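Asks: Coordinates in model.txt, compact mmCIF, C-alpha atoms, are listed below.
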# COMPACT_ATOMS: atom_id res chain seq x y z
CA MET K 1 30.89 24.34 -18.56
CA SER K 2 27.90 24.02 -16.22
CA LEU K 3 25.67 20.94 -16.30
CA ARG K 4 22.83 23.10 -17.61
CA ASN K 5 24.92 24.34 -20.54
CA ILE K 6 26.11 20.81 -21.29
CA ARG K 7 22.48 19.73 -21.49
CA LYS K 8 21.74 22.57 -23.89
CA GLU K 9 24.64 21.47 -26.10
CA VAL K 10 23.36 17.89 -26.10
CA MET K 11 19.90 19.15 -27.07
CA LYS K 12 21.43 21.13 -29.94
CA THR K 13 23.23 18.00 -31.10
CA LEU K 14 20.01 15.99 -31.12
CA GLU K 15 18.13 18.88 -32.74
CA LYS K 16 20.16 18.41 -35.91
CA ASN K 17 18.07 15.29 -36.54
CA ILE K 18 14.71 16.79 -35.51
CA ASP K 19 13.22 16.57 -39.01
CA THR K 20 14.11 12.89 -39.08
CA PHE K 21 12.44 12.38 -35.70
CA VAL K 22 9.27 14.14 -36.89
CA HIS K 23 9.24 12.06 -40.09
CA ASP K 24 9.93 8.74 -38.36
CA TYR K 25 7.69 9.06 -35.29
CA LEU K 26 4.86 11.43 -36.20
CA ILE K 27 2.26 11.29 -38.99
CA PRO K 28 0.92 14.20 -41.11
CA ALA K 29 -2.64 15.33 -40.38
CA GLU K 30 -3.84 14.26 -43.82
CA LYS K 31 -2.60 10.68 -43.34
CA ILE K 32 -3.32 9.95 -39.68
CA TRP K 33 -6.74 8.94 -38.34
CA GLN K 34 -9.08 11.63 -37.06
CA PRO K 35 -11.76 11.39 -34.33
CA THR K 36 -14.67 11.35 -36.79
CA ASP K 37 -13.27 8.14 -38.32
CA PHE K 38 -14.44 6.28 -35.19
CA LEU K 39 -17.62 8.15 -34.28
CA PRO K 40 -21.14 8.21 -35.75
CA ASN K 41 -21.26 10.43 -38.83
CA SER K 42 -23.75 13.25 -38.27
CA GLN K 43 -24.11 13.67 -42.05
CA LYS K 44 -25.52 10.17 -42.51
CA ASP K 45 -29.07 8.92 -42.03
CA THR K 46 -27.75 6.22 -39.68
CA PHE K 47 -26.45 8.79 -37.16
CA ILE K 48 -29.27 8.46 -34.60
CA ASP K 49 -29.34 4.65 -34.82
CA GLU K 50 -25.59 4.49 -34.23
CA ILE K 51 -25.92 6.69 -31.14
CA LYS K 52 -28.69 4.45 -29.79
CA GLU K 53 -26.44 1.42 -30.31
CA ILE K 54 -23.60 3.09 -28.38
CA GLN K 55 -25.95 3.96 -25.52
CA GLU K 56 -27.32 0.42 -25.30
CA LEU K 57 -23.86 -1.15 -25.28
CA SER K 58 -22.66 1.41 -22.75
CA LYS K 59 -25.17 0.17 -20.18
CA ASP K 60 -23.23 -3.10 -19.87
CA LEU K 61 -19.99 -1.42 -18.83
CA SER K 62 -19.38 -1.02 -15.08
CA ASP K 63 -19.16 2.21 -13.12
CA ASP K 64 -15.48 1.49 -12.46
CA PHE K 65 -14.89 1.27 -16.19
CA TRP K 66 -16.58 4.62 -16.81
CA ILE K 67 -14.66 6.32 -14.02
CA VAL K 68 -11.37 5.19 -15.55
CA LEU K 69 -12.43 6.19 -19.07
CA VAL K 70 -13.48 9.63 -17.86
CA GLY K 71 -10.19 10.08 -15.99
CA ASP K 72 -8.21 9.03 -19.07
CA THR K 73 -10.19 11.50 -21.18
CA ILE K 74 -9.65 14.38 -18.77
CA THR K 75 -5.89 13.81 -18.58
CA GLU K 76 -5.70 13.61 -22.38
CA GLU K 77 -7.52 16.93 -22.59
CA ALA K 78 -5.09 18.61 -20.22
CA LEU K 79 -2.57 18.90 -23.08
CA PRO K 80 -2.10 22.68 -22.74
CA THR K 81 -0.41 21.96 -19.40
CA TYR K 82 2.00 19.43 -20.87
CA GLU K 83 2.87 21.51 -23.94
CA SER K 84 3.59 24.63 -21.89
CA TRP K 85 5.77 22.59 -19.54
CA LEU K 86 7.81 20.98 -22.32
CA LEU K 87 8.33 24.27 -24.16
CA ASP K 88 10.14 25.53 -21.04
CA ILE K 89 12.84 22.83 -21.19
CA ASP K 90 16.45 23.97 -21.55
CA GLY K 91 17.29 23.77 -25.25
CA ILE K 92 13.69 24.35 -26.36
CA SER K 93 12.19 27.73 -27.15
CA GLN K 94 9.30 29.12 -29.16
CA GLN K 95 11.65 30.76 -31.63
CA PRO K 96 10.44 29.99 -35.18
CA ASP K 97 13.65 28.17 -36.08
CA ASN K 98 13.79 25.98 -32.97
CA GLY K 99 13.45 22.38 -34.12
CA TRP K 100 12.50 21.00 -30.71
CA ALA K 101 9.54 23.40 -30.53
CA LYS K 102 8.42 21.97 -33.87
CA TRP K 103 8.54 18.48 -32.33
CA ILE K 104 6.58 19.55 -29.23
CA ARG K 105 3.86 21.26 -31.26
CA SER K 106 3.54 18.35 -33.69
CA TRP K 107 3.45 15.80 -30.87
CA THR K 108 0.82 17.87 -29.04
CA ALA K 109 -1.29 18.08 -32.20
CA GLU K 110 -1.33 14.28 -32.46
CA GLU K 111 -2.11 13.82 -28.78
CA ASN K 112 -4.94 16.36 -28.98
CA ARG K 113 -6.96 13.93 -31.10
CA HIS K 114 -7.16 11.46 -28.21
CA GLY K 115 -9.04 13.72 -25.82
CA ASP K 116 -11.21 14.99 -28.67
CA THR K 117 -12.23 11.44 -29.64
CA LEU K 118 -12.92 10.22 -26.12
CA ASN K 119 -14.78 13.37 -25.11
CA LYS K 120 -17.20 13.01 -28.03
CA TYR K 121 -17.70 9.34 -27.21
CA LEU K 122 -18.46 10.10 -23.55
CA TYR K 123 -20.99 12.69 -24.66
CA LEU K 124 -22.77 10.21 -26.93
CA SER K 125 -22.74 7.33 -24.43
CA GLY K 126 -25.39 8.81 -22.13
CA ARG K 127 -23.55 7.42 -19.10
CA VAL K 128 -21.66 10.54 -18.12
CA ASN K 129 -22.46 13.92 -16.56
CA MET K 130 -20.53 15.97 -19.08
CA ARG K 131 -20.79 19.23 -17.18
CA GLU K 132 -19.01 17.70 -14.19
CA VAL K 133 -16.39 16.21 -16.50
CA GLU K 134 -15.83 19.60 -18.10
CA ILE K 135 -15.44 21.25 -14.69
CA THR K 136 -12.81 18.67 -13.70
CA THR K 137 -10.95 19.24 -16.97
CA GLN K 138 -10.93 23.00 -16.48
CA HIS K 139 -9.64 22.58 -12.93
CA LEU K 140 -6.91 20.14 -13.99
CA ILE K 141 -5.57 22.58 -16.57
CA SER K 142 -5.83 25.65 -14.33
CA ASP K 143 -4.31 23.87 -11.30
CA GLY K 144 -1.18 22.85 -13.21
CA PHE K 145 1.29 20.34 -11.78
CA ASP K 146 4.93 19.81 -10.96
CA ILE K 147 6.43 16.63 -12.41
CA GLY K 148 9.73 17.17 -10.57
CA THR K 149 11.84 17.80 -13.66
CA ALA K 150 12.22 21.59 -13.62
CA SER K 151 13.64 22.58 -17.03
CA ASP K 152 16.05 19.62 -17.25
CA PRO K 153 15.62 17.90 -20.66
CA TYR K 154 17.12 14.63 -19.35
CA LYS K 155 14.53 14.30 -16.57
CA ASN K 156 11.70 15.47 -18.82
CA PHE K 157 12.47 12.83 -21.45
CA ILE K 158 12.58 10.16 -18.73
CA TYR K 159 9.14 11.35 -17.68
CA THR K 160 7.67 11.31 -21.19
CA SER K 161 9.24 7.90 -21.95
CA PHE K 162 7.57 6.50 -18.83
CA GLN K 163 4.25 8.30 -19.19
CA GLU K 164 3.69 7.45 -22.84
CA LEU K 165 4.07 3.77 -22.00
CA ALA K 166 1.72 4.16 -19.03
CA THR K 167 -0.97 5.70 -21.24
CA TYR K 168 -0.46 2.92 -23.78
CA ILE K 169 -1.14 0.35 -21.06
CA SER K 170 -4.21 2.21 -19.81
CA HIS K 171 -5.84 2.66 -23.22
CA ASN K 172 -4.92 -0.87 -24.29
CA ASN K 173 -6.55 -2.36 -21.19
CA VAL K 174 -9.66 -0.25 -21.76
CA ALA K 175 -9.79 -1.72 -25.28
CA LYS K 176 -9.59 -5.28 -23.90
CA ILE K 177 -12.44 -4.68 -21.44
CA ALA K 178 -14.63 -3.04 -24.09
CA ARG K 179 -14.01 -5.92 -26.50
CA LYS K 180 -15.02 -8.50 -23.90
CA LYS K 181 -18.29 -6.63 -23.41
CA GLY K 182 -18.94 -6.61 -27.15
CA HIS K 183 -18.31 -2.88 -27.53
CA LYS K 184 -16.25 -3.21 -30.71
CA ALA K 185 -16.27 0.49 -31.67
CA LEU K 186 -14.91 1.63 -28.31
CA ALA K 187 -12.38 -1.20 -28.32
CA LYS K 188 -11.10 -0.18 -31.75
CA MET K 189 -10.97 3.48 -30.76
CA SER K 190 -9.02 2.78 -27.56
CA LYS K 191 -6.70 0.35 -29.33
CA ILE K 192 -5.69 2.86 -31.99
CA ILE K 193 -5.16 5.57 -29.34
CA ALA K 194 -2.92 3.11 -27.51
CA GLY K 195 -1.00 2.63 -30.77
CA ASP K 196 -0.28 6.35 -30.93
CA GLU K 197 0.96 6.31 -27.34
CA MET K 198 3.32 3.42 -28.07
CA ARG K 199 4.73 5.22 -31.12
CA HIS K 200 5.35 8.32 -29.00
CA HIS K 201 6.91 6.17 -26.27
CA VAL K 202 9.34 4.72 -28.80
CA ALA K 203 10.29 8.25 -29.89
CA TYR K 204 11.03 9.53 -26.40
CA THR K 205 12.97 6.40 -25.45
CA GLU K 206 15.07 6.98 -28.58
CA PHE K 207 15.80 10.54 -27.43
CA VAL K 208 16.99 9.18 -24.08
CA ARG K 209 19.03 6.45 -25.78
CA ARG K 210 20.87 9.07 -27.81
CA ILE K 211 21.54 11.17 -24.71
CA PHE K 212 22.92 8.09 -22.96
CA ALA K 213 25.34 7.69 -25.88
CA ILE K 214 26.61 11.27 -25.45
CA ASP K 215 26.37 11.90 -21.69
CA PRO K 216 25.83 8.52 -19.98
CA SER K 217 26.65 9.37 -16.37
CA GLU K 218 24.46 12.46 -16.15
CA MET K 219 21.63 10.67 -17.96
CA MET K 220 21.88 7.79 -15.48
CA LEU K 221 21.72 10.19 -12.53
CA ALA K 222 18.66 11.88 -14.05
CA PHE K 223 16.99 8.48 -14.48
CA GLN K 224 17.71 7.58 -10.87
CA HIS K 225 16.37 10.93 -9.66
CA MET K 226 13.06 10.46 -11.47
CA MET K 227 12.52 6.93 -10.22
CA LYS K 228 13.68 7.69 -6.68
CA HIS K 229 11.12 10.47 -6.40
CA LYS K 230 8.52 8.46 -8.36
CA ILE K 231 6.77 9.43 -11.56
CA VAL K 232 3.98 11.90 -10.87
CA MET K 233 0.76 10.91 -12.61
CA PRO K 234 -0.89 13.59 -14.82
CA ALA K 235 -4.15 12.98 -12.93
CA LEU K 236 -2.56 13.84 -9.57
CA HIS K 237 -4.61 17.02 -9.07
CA LEU K 238 -7.98 15.62 -10.15
CA ARG K 239 -10.95 17.18 -8.38
CA GLU K 240 -14.68 17.59 -8.79
CA SER K 241 -16.75 20.76 -8.62
CA PHE K 242 -16.40 22.66 -5.34
CA SER K 243 -13.60 20.32 -4.17
CA LYS K 244 -9.96 20.82 -3.24
CA LYS K 245 -7.10 20.26 -5.66
CA GLY K 246 -6.08 16.60 -5.77
CA SER K 247 -8.97 15.40 -3.61
CA LEU K 248 -10.14 12.87 -6.22
CA PHE K 249 -6.86 11.23 -7.23
CA SER K 250 -6.69 8.58 -4.51
CA ASP K 251 -10.19 7.28 -5.26
CA PHE K 252 -9.55 7.40 -9.01
CA SER K 253 -6.27 5.49 -8.61
CA THR K 254 -8.01 2.83 -6.53
CA VAL K 255 -10.71 2.38 -9.18
CA ALA K 256 -8.12 2.15 -11.99
CA GLN K 257 -6.29 -0.59 -10.11
CA ARG K 258 -9.50 -2.41 -9.22
CA ALA K 259 -10.61 -2.34 -12.85
CA GLY K 260 -7.21 -3.69 -13.93
CA VAL K 261 -6.61 -0.74 -16.24
CA TYR K 262 -3.46 0.60 -14.56
CA THR K 263 -1.92 -0.98 -11.47
CA GLY K 264 1.17 -0.80 -9.31
CA PHE K 265 2.50 -3.84 -11.16
CA ASP K 266 2.19 -1.93 -14.45
CA TYR K 267 4.36 0.83 -12.95
CA ILE K 268 7.03 -1.75 -12.08
CA ASP K 269 6.82 -3.36 -15.50
CA ILE K 270 7.39 0.00 -17.19
CA LEU K 271 10.55 0.54 -15.15
CA LYS K 272 11.82 -2.91 -16.15
CA LYS K 273 11.09 -2.18 -19.80
CA LEU K 274 12.98 1.13 -19.64
CA ASN K 275 15.97 -0.53 -17.96
CA ALA K 276 16.00 -3.08 -20.78
CA ALA K 277 15.36 -0.59 -23.60
CA TRP K 278 18.32 1.54 -22.58
CA GLU K 279 20.46 -1.49 -21.67
CA ILE K 280 21.68 0.23 -18.55
CA ASP K 281 23.17 -3.02 -17.25
CA LYS K 282 25.66 -3.00 -20.15
CA MET K 283 26.81 0.61 -19.95
CA THR K 284 30.46 1.36 -19.42
CA GLY K 285 32.52 4.43 -18.63
CA LEU K 286 30.21 5.66 -15.87
CA THR K 287 31.36 7.75 -12.94
CA ALA K 288 31.31 6.12 -9.50
CA GLU K 289 28.13 8.05 -8.64
CA ALA K 290 26.45 6.95 -11.85
CA GLU K 291 27.45 3.32 -11.17
CA LYS K 292 25.61 3.51 -7.85
CA ALA K 293 22.62 5.03 -9.62
CA ARG K 294 22.64 2.16 -12.12
CA ASP K 295 22.74 -0.42 -9.32
CA TYR K 296 19.80 1.31 -7.65
CA LEU K 297 17.75 1.24 -10.87
CA LEU K 298 18.46 -2.43 -11.54
CA LYS K 299 17.43 -3.46 -8.03
CA LEU K 300 14.41 -1.17 -7.80
CA PRO K 301 11.83 -3.33 -9.67
CA ASP K 302 12.22 -6.29 -7.31
CA ARG K 303 12.12 -4.02 -4.29
CA MET K 304 8.95 -2.35 -5.54
CA TYR K 305 7.34 -5.68 -6.41
CA ARG K 306 7.73 -6.95 -2.83
CA ILE K 307 5.96 -3.83 -1.57
CA THR K 308 3.23 -3.81 -4.23
CA GLU K 309 2.20 -7.44 -3.78
CA ARG K 310 1.31 -6.69 -0.15
CA ILE K 311 -1.06 -3.85 -1.08
CA ILE K 312 -4.77 -4.67 -0.81
CA ILE K 313 -7.05 -2.75 -3.16
CA PRO K 314 -10.26 -1.75 -1.31
CA GLU K 315 -13.68 -2.62 -2.73
CA THR K 316 -15.14 0.68 -1.55
CA LYS K 317 -17.96 2.00 -3.74
CA PHE K 318 -16.96 5.57 -4.57
CA GLN K 319 -19.46 8.20 -5.63
CA PHE K 320 -18.19 10.25 -8.56
CA LYS K 321 -20.09 13.26 -9.83
CA TRP K 322 -18.96 12.30 -13.32
CA LEU K 323 -21.45 9.44 -13.60
CA ASN K 324 -25.12 9.48 -14.44
CA PRO K 325 -27.19 6.66 -12.93
CA ILE K 326 -28.56 4.16 -15.44
Please lay out the structure from this file as structure tokens.

Replies:
Amino acid sequence: MSLRNIRKEVMKTLEKNIDTFVHDYLIPAEKIWQPTDFLPNSQKDTFIDEIKEIQELSKDLSDDFWIVLVGDTITEEALPTYESWLLDIDGISQQPDNGWAKWIRSWTAEENRHGDTLNKYLYLSGRVNMREVEITTQHLISDGFDIGTASDPYKNFIYTSFQELATYISHNNVAKIARKKGHKALAKMSKIIAGDEMRHHVAYTEFVRRIFAIDPSEMMLAFQHMMKHKIVMPALHLRESFSKKGSLFSDFSTVAQRAGVYTGFDYIDILKKLNAAWEIDKMTGLTAEAEKARDYLLKLPDRMYRITERIIIPETKFQFKWLNPI
């Protein structure tokens, strides 16, 4: 049997528990929070006063902070790209009875609330040129991206395990900065979004854990492949109006690191956490090739740390079309 068919069989095995996964890791729409729970209520007399309070508090947050928050919002709103990519994985189809498609749609529906919440907040803050933000979002979705997984479910679940933890870190750090500046509403909003990301991260790491139990050597090789080629960030192709695809990512990445929202050390820490979560150091019965892959993964964090600690983050003041001057 080909490797591709073996992967499909593994996906079918896991699919038998898909209803349990949905129940354990996702929350029904009627029970989970919705964006309006954290935003001024337009049906109340206090609506205008609450907006004025947001706009006053927003003045105290730095340009770097706003650039990162806008970038996070845009990548959250690019969900059509991620859903269409995941629905193309071997073992997943849009057939009505496909359990994995049910998971992808339900996961996407939860994630959709994040971009919706943040977009409304940006609009109310008065600090952001929303038209430019909307242009960037449209470009990011239309440009698409290649995360280096093709239709391989093993590699895709490595990617989602990593990326969900990365978004947790980003939103959680935004919450910490907002709280320090006294912006309690934004801090609470970002914190609860981070909580969703962590819950999703736990789900995808569980999927990978179960694949390791069934097909350890091939899962190890997939893990090595993803880390050897590096995890592609969803914001990789960021651009502004009338700009080339990907022309904004380097500046955005620099600002995110400078603001302490997502850094190279966070990337390393995620890898260490995945190594520990899947207990790859304790796995037995691996092929010789998979053993080498495991050794590579265990040594990689220290190797990356030595490189990362030598990187100097520039203090360059970047001009982003997303921001309105105060």

Asks: Please work out which residues fall within 9 Å of (-14.4, 7.3, -12.4), coordinates as given in the file, with only C-alpha atoms counting, and return them as an MDAnalysis selection string.

Replies: chainID K and resid 63:71 251:252 255:256 318:323

Asks: From the list K:Asp97, K:Asp302, K:Met226, K:Ala78, which residue is nearest Glu134 of chain K when using all atoms listed in the file?

Replies: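 Nearest to Glu134 of chain K: K:Ala78.
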
Asks: Closest to Phe242 of chain K among K:Arg310, K:Lys52, K:His139, K:Arg258, using all atoms listed in the file?

Replies: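 Nearest to Phe242 of chain K: K:His139.
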
Asks: Work out how far apart atom CA of Ile6 of chain K and atom CA of Met227 of chain K are and give it in Å to one decimal.

Replies: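 Atom CA of Met227 of chain K lies 22.4 Å from atom CA of Ile6 of chain K.
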
Asks: With a distance cut-off of 9 Å and only C-alpha atoms, select the neighbouring residues of Ile192 of chain K, excluding the residue or stretch itself and same-chain residues fewer than 3 positions from it, and output the selection as a ChimeraX atom specification.

Replies: /K:33,171-172,187-189,195-197
